[in-house]
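Undergrad: Sharing a structure here in structure tokens format.
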Amino acid sequence: MTALNPDVIHTWLADFASQVHENAAWLTDLDRAIGDADHGSNLDRGMRAVDALDAASFADSAAYLKKAGMTLVSTVGGASGPLYGTFFLRVGGALPPDGEIRASQWGDAFEAGLAGIVQRGRAEVGDKTMVDALTPAVAAFRGAGDDVKAAWAAAATASAAGRDATVPLVARKGRASYLGERSAGHQDPGASSVTLLIESAARTLG
Amino acid sequence: MKKLINDVENVVIDSLRGLELAHGDLVTVDYENRIVLRKGGPRAGKVGLLSGGGSGHEPMHGGFVGLGMLDAACPGEVFTSPVPDQMMAATKAIDGGAGVLHIVKNYTGDVMNFEMAAEMAAAESGVQVESVVVDDDVAVQDSLYTAGRRGVGLTVLIEKIVGAAAEEGRDLDTLVALAKRVNGQGRSMGMALTSCTVPAAGKPTFDLADDEMEVGIGIHGEPGRERRKVAPAKEVAEMLVEPILNDFDFGGGPVIAMVNGMGGTPLLELFIMYAEVHKILDKHGITIARNLVGNYITSLEMAGSSVTLLRADDDLLKLWDAPVLTPGLRWGA
């Protein structure tokens with residue numbers, strides 16, 4: 001059990017926003033290799049808007065996360081906006097009421113976020129997308145037991161492994177898919193940014 | 001990076017300001033919602049036509065707003081899809097009671113954002129919304145293992161033809177069917193001689209050696225079928241036209257042909273390309289009934305060209321010839 005309230009959510013979102021800002025050039029470089037060279041700058045713009053939200057103005061964590069999701073949909077554009085936006089909308093929608101939260105409840109919300117991304121992007125594991133990092137991350141979280149902090153730590157490790165495993169893959173979704181075989185040998189930008197998100201969760205949630 | 005901009009953050013808004021100042025008789029810009037609107041508001045009983053996509057492809061789409069074409073365009077950041085809020089605001093602004101048609105290029109981000117906008121429009125307002133996805137790029141061969149064929153040059157032709165049909169008063173279902181028919185019988189293929197630089201990135205999207213070209217490119221500098229040594233225009237024209245002809249049976253024509261510049265190629269070269277395309281189609285017994293040669297769907301300052309062929313018939317030619325008055329395309333009005 002650990003605390004769930006808008007202040008906790010704020011530490012997660014703020015940490016992720018600063019990670020995206022620091023790594024924006026790197027994410028854009030990854031995207032330049034197999035996409036259209038805008039992932040870092042777009043996500044940075046969106047997370048700065050999320051960071052500007054006032055945590056104290058929200059009735060609960062769910063409302064805060066839903067607003068964060070809508071803010072990303074409205075400011076990021078591209079595919080990342082709907083994908084990240086849908087993730088936070090679904091996580092917000094699946095969280096229990098504020099107060100104490102168990103690892104299994106965080107796991108349910110995390111899984112709902114992944115399901116939203118899969119539904120919106122229609123990607124499967126192996127397509128060289130953020131799903132390749134998130135899917136093992138959710139599985140690791142589920143398998144980690146009752147400690148929220150340990151579960152997020154396991155998820156972060158699995159996410160990073162999933163991200164690294166995108167390097168040899170041939171992309172089948174998104175703009176990188178047009179490269180065909182030439183997309184192999186490059187790390188997926190979406191799997192990279194979403195790993196920053198899970199690493200932020202491991203630092204701040206629990 | 002050398003560009004005629006003031007600052008990277010505001011390139012889209014600064015450009016919209018100029019568009020409105022230059023063409024205030026045809027369009028207005030809603031800066032809050034970031035949409036380009038046809039002057040004079042929605043027309044009662046006319047289906048509203050909305051398109052949109054990343055900026056950097058000018059004159060598409062904002063330059064195609066006006067009589068006989070689009071009622072509104074949603075410009076995103078450079079090479080980045082616009083967002084559902086823009087599309088929602090535009091959809092409401094152009095509904096004249098007969099519904100709104102979204103013309104969407106098949107790019108992952110565009111499709112997702114337009115999908116979310118259509119879901120939100122259905123939930124929040126009574127506007128009837130239909131969408132047509134354009135996917136005409138034959139360079140994408142293996143649609144099963146990719147995001148599918150991209151929407152490229154044919155988008156310009158669809159916006160012109162469906163725009164004319166909407167102006168005539170055809171209803172939403174008829175326009176959806178027309179747009180799908182045009183999408184079904186048109187094909188495109190493009191190539192790049194140079195890369196382009198997204199202002200926010202500051203560096204070229206890809207590297208291409210001085211003696212190389214990329215054949216089968218999309219409209220964002222995303223790579224295509226293959227990289228090869230540069231070749232004379234007649235060979236390049238064949239590399240573009242032959243895959244199109246192999247993909248779709250144009251019979252003996254007639255066709256509407258577009259030779260499009262990617263932004264950094266002079267008309268001098270585009271007319272050389274047009275002559276070569278004309279020669280190849282002649283050889284295949286295909287008549288060009290109408291043509292467009294120029295920069296209509298661009299990739300910033302990329303040098304290169306694309307070819308679009310659309311099998312035409314009397315109805316399509318009549319709609320093609322109908323008056324159009326937009327910043328980027330005008331005749332008969």
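Letters A, B, ... go to the chains of the structure tokens in the order shown; residues in each chain start at 1; ligands are counted from 1 in the same order.
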If we count only C-alpha atoms and set the cut-off at 10 Å, which residues sit around Glu115 of chain B, ignoring sequence neighbours fewer than 3 positions away in its own chain? Please answer as a list in words.
TA: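 In the requested form, the answer reads Pro82 and Arg120 of chain A; Pro84, His102, Val104, Gly109, Asp110, Val111, Met112, Ala118, Glu119, Met120, Ala121 and Ser131 of chain B.
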Undergrad: What are the residues of chain B lining chain A at 8 Å or less? Count only C-alpha atoms, and put the answer as a ChimeraX atom specification.
TA: /B:76-77,79-85,107-110,112-113,116,140,145-147,198,200-201,205-206,220-225
Undergrad: Select, from A:Pro6, A:Gly162, A:Pro96, A:Gly113, the residue with the minimum atom-to-atom distance to Tyr64 of chain A, counting only C-alpha atoms.
TA: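 The shortest atom-to-atom distance to Tyr64 of chain A comes from A:Pro6.
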Undergrad: Just asking: which residues within segment 89-152 of chain B are helix (DSSP H, G or I) according to DSSP, as a PyMOL selection string?
TA: chain B and resi 89-94+108-124+143-145
Undergrad: Write out, as a compact mmCIF listing (two decimals), in the first residue's frame, the residues just selected, with C-alpha atoms.
TA:
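Final output, saved to result-v9.txt:
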```
# COMPACT_ATOMS: atom_id res chain seq x y z
CA ALA B 89 -13.43 23.53 -33.80
CA ALA B 90 -13.12 23.48 -37.58
CA THR B 91 -15.83 20.84 -37.95
CA LYS B 92 -18.29 22.94 -35.94
CA ALA B 93 -17.30 26.13 -37.76
CA ILE B 94 -17.97 24.78 -41.25
CA THR B 108 -0.36 7.28 -38.54
CA GLY B 109 -0.59 10.56 -36.63
CA ASP B 110 -3.13 12.16 -38.95
CA VAL B 111 -5.36 9.11 -38.88
CA MET B 112 -5.25 8.81 -35.05
CA ASN B 113 -5.97 12.49 -34.45
CA PHE B 114 -8.80 12.64 -36.99
CA GLU B 115 -10.23 9.44 -35.47
CA MET B 116 -10.22 10.99 -32.00
CA ALA B 117 -11.80 14.17 -33.41
CA ALA B 118 -14.55 12.19 -35.13
CA GLU B 119 -15.26 10.25 -31.90
CA MET B 120 -15.38 13.49 -29.91
CA ALA B 121 -17.57 15.20 -32.53
CA ALA B 122 -20.02 12.33 -32.40
CA ALA B 123 -20.10 12.47 -28.59
CA GLU B 124 -20.25 16.24 -28.13
CA SER B 143 1.03 -2.66 -46.97
CA LEU B 144 0.55 -5.67 -44.67
CA TYR B 145 3.76 -5.01 -42.79
```
Undergrad: Atom CA of Glu167 of chain B to atom CA of Arg38 of chain B: how many Å, to one decimal?
TA: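 Pair atom CA of Glu167 of chain B / atom CA of Arg38 of chain B returns 12.6 Å.
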Undergrad: I'd like the contact shell of segment 184-188 of chain B - 10 Å cut-off, only C-alpha atoms, skipping same-chain residues fewer than 5 positions apart - returned as a ChimeraX atom specification.
TA: /B:134-139,150-155,157-158,178-179,216,218,240-241,243-245,247-250,255-259,306-312
Undergrad: Which polymer residues have any atom within 7 Å of an atom of Met130 of chain A, counting only C-alpha atoms, with same-chain residues fewer than 6 positions away left out, as a VMD selection string?
TA: chain A and resid 190 to 191 194
Undergrad: Select from segment 75-290 of chain B everything DSSP, run on the backbone, classes as strand (DSSP E or B), then give the selection as a PDB file with C-alpha atoms, in the first residue's frame.
TA:
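The new file states-v9.pdb reads:
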```pdb
ATOM      1  CA  PRO B  75      -2.361  23.055 -39.945  1.00  0.00           C
ATOM      2  CA  GLY B  76      -0.279  21.133 -37.435  1.00  0.00           C
ATOM      3  CA  GLU B  77       3.266  21.886 -36.409  1.00  0.00           C
ATOM      4  CA  VAL B  78       5.782  21.304 -39.193  1.00  0.00           C
ATOM      5  CA  VAL B 100     -18.731  17.537 -42.688  1.00  0.00           C
ATOM      6  CA  LEU B 101     -16.294  15.377 -44.616  1.00  0.00           C
ATOM      7  CA  HIS B 102     -12.764  14.897 -43.258  1.00  0.00           C
ATOM      8  CA  ILE B 103     -10.152  14.236 -45.922  1.00  0.00           C
ATOM      9  CA  VAL B 104      -7.278  12.471 -44.174  1.00  0.00           C
ATOM     10  CA  LYS B 105      -3.901  11.482 -45.563  1.00  0.00           C
ATOM     11  CA  VAL B 129     -18.934  13.543 -39.709  1.00  0.00           C
ATOM     12  CA  GLU B 130     -17.562  11.162 -42.321  1.00  0.00           C
ATOM     13  CA  SER B 131     -13.910  10.506 -43.089  1.00  0.00           C
ATOM     14  CA  VAL B 132     -12.073   9.404 -46.179  1.00  0.00           C
ATOM     15  CA  VAL B 133      -8.455   8.265 -45.937  1.00  0.00           C
ATOM     16  CA  VAL B 134      -6.258   8.944 -48.974  1.00  0.00           C
ATOM     17  CA  ASP B 137       1.569   6.162 -52.719  1.00  0.00           C
ATOM     18  CA  GLY B 186      -5.353   7.469 -58.624  1.00  0.00           C
ATOM     19  CA  ARG B 187      -1.732   6.663 -57.802  1.00  0.00           C
ATOM     20  CA  SER B 188       1.438   8.605 -56.962  1.00  0.00           C
ATOM     21  CA  MET B 189       5.164   8.130 -56.573  1.00  0.00           C
ATOM     22  CA  GLY B 190       7.828  10.638 -55.564  1.00  0.00           C
ATOM     23  CA  MET B 191      11.577  11.077 -55.284  1.00  0.00           C
ATOM     24  CA  ALA B 192      14.020  13.401 -53.535  1.00  0.00           C
ATOM     25  CA  THR B 197      15.296  20.572 -42.455  1.00  0.00           C
ATOM     26  CA  PRO B 204      18.401  17.726 -42.200  1.00  0.00           C
ATOM     27  CA  GLU B 212      22.478  10.157 -54.576  1.00  0.00           C
ATOM     28  CA  MET B 213      18.706  10.342 -54.733  1.00  0.00           C
ATOM     29  CA  GLU B 214      15.953   8.633 -52.770  1.00  0.00           C
ATOM     30  CA  VAL B 215      13.255   7.047 -54.924  1.00  0.00           C
ATOM     31  CA  GLU B 226      15.648   2.645 -52.619  1.00  0.00           C
ATOM     32  CA  ARG B 227      18.567   4.975 -52.705  1.00  0.00           C
ATOM     33  CA  ARG B 228      20.398   5.217 -55.998  1.00  0.00           C
ATOM     34  CA  LYS B 229      22.813   7.330 -57.974  1.00  0.00           C
ATOM     35  CA  VAL B 255      -5.874  10.794 -67.036  1.00  0.00           C
ATOM     36  CA  ILE B 256      -5.378  13.875 -64.966  1.00  0.00           C
ATOM     37  CA  ALA B 257      -1.609  14.105 -64.464  1.00  0.00           C
ATOM     38  CA  MET B 258       0.222  16.102 -61.832  1.00  0.00           C
ATOM     39  CA  VAL B 259       3.970  16.661 -61.855  1.00  0.00           C
ATOM     40  CA  ASN B 260       4.589  18.117 -58.436  1.00  0.00           C
ATOM     41  CA  GLY B 261       7.658  19.801 -57.021  1.00  0.00           C
ATOM     42  CA  ILE B 288      -3.401  13.315 -70.527  1.00  0.00           C
ATOM     43  CA  ALA B 289      -6.714  15.176 -70.419  1.00  0.00           C
ATOM     44  CA  ARG B 290      -5.712  17.727 -67.769  1.00  0.00           C
TER      45      ARG B 290
END
```
Undergrad: With only C-alpha atoms as the counted atoms, please give the residues lying no more than 12 Å from Ala109 of chain A, apart from itself and same-chain residues fewer than 5 positions off, as a VMD selection string.
TA: chain A and resid 61 to 62 65 87 to 97 101 to 104 114 to 116 138 141 to 142
Undergrad: Contacts of segment 15-23 of chain A at 6 Å or less, counting only C-alpha atoms, minus same-chain residues fewer than 3 places along, as a list in words?
TA: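 With the cut-off at 6 Å, the set is Thr11, Trp12, Trp26, Asp44, Met47, Leu197 and Ser200 of chain A.
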Undergrad: Between B:Met60, B:Gly253, B:Met1, B:Gly264, which has the minimum distance to Ile286 of chain B (counting only C-alpha atoms)?
TA: B:Gly253
Undergrad: Leaving out Ala155 of chain A and any residue of its chain fewer than 4 positions from it, which residues lie within 6 Å of it when counting only C-alpha atoms, given as a list in words?
TA: Ala137, Ala140, Phe141 and Ser159 of chain A
Undergrad: Can you spit out the residues from that selection as a PDB file, in the first residue's frame, using C-alpha atoms?
TA:
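Output file out_0.pdb is given in full below:
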```
ATOM      1  CA  ALA A 137       6.906  -3.630 -18.233  1.00  0.00           C
ATOM      2  CA  ALA A 140       7.077  -7.431 -14.805  1.00  0.00           C
ATOM      3  CA  PHE A 141       4.955  -5.137 -12.656  1.00  0.00           C
ATOM      4  CA  SER A 159      10.827  -1.542 -20.096  1.00  0.00           C
TER       5      SER A 159
END
```
Undergrad: What is the atom CA of Lys234 of chain B to atom CA of Asp210 of chain B distance in Å?
TA: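 Atom CA of Lys234 of chain B sits 19.4 Å away from atom CA of Asp210 of chain B.
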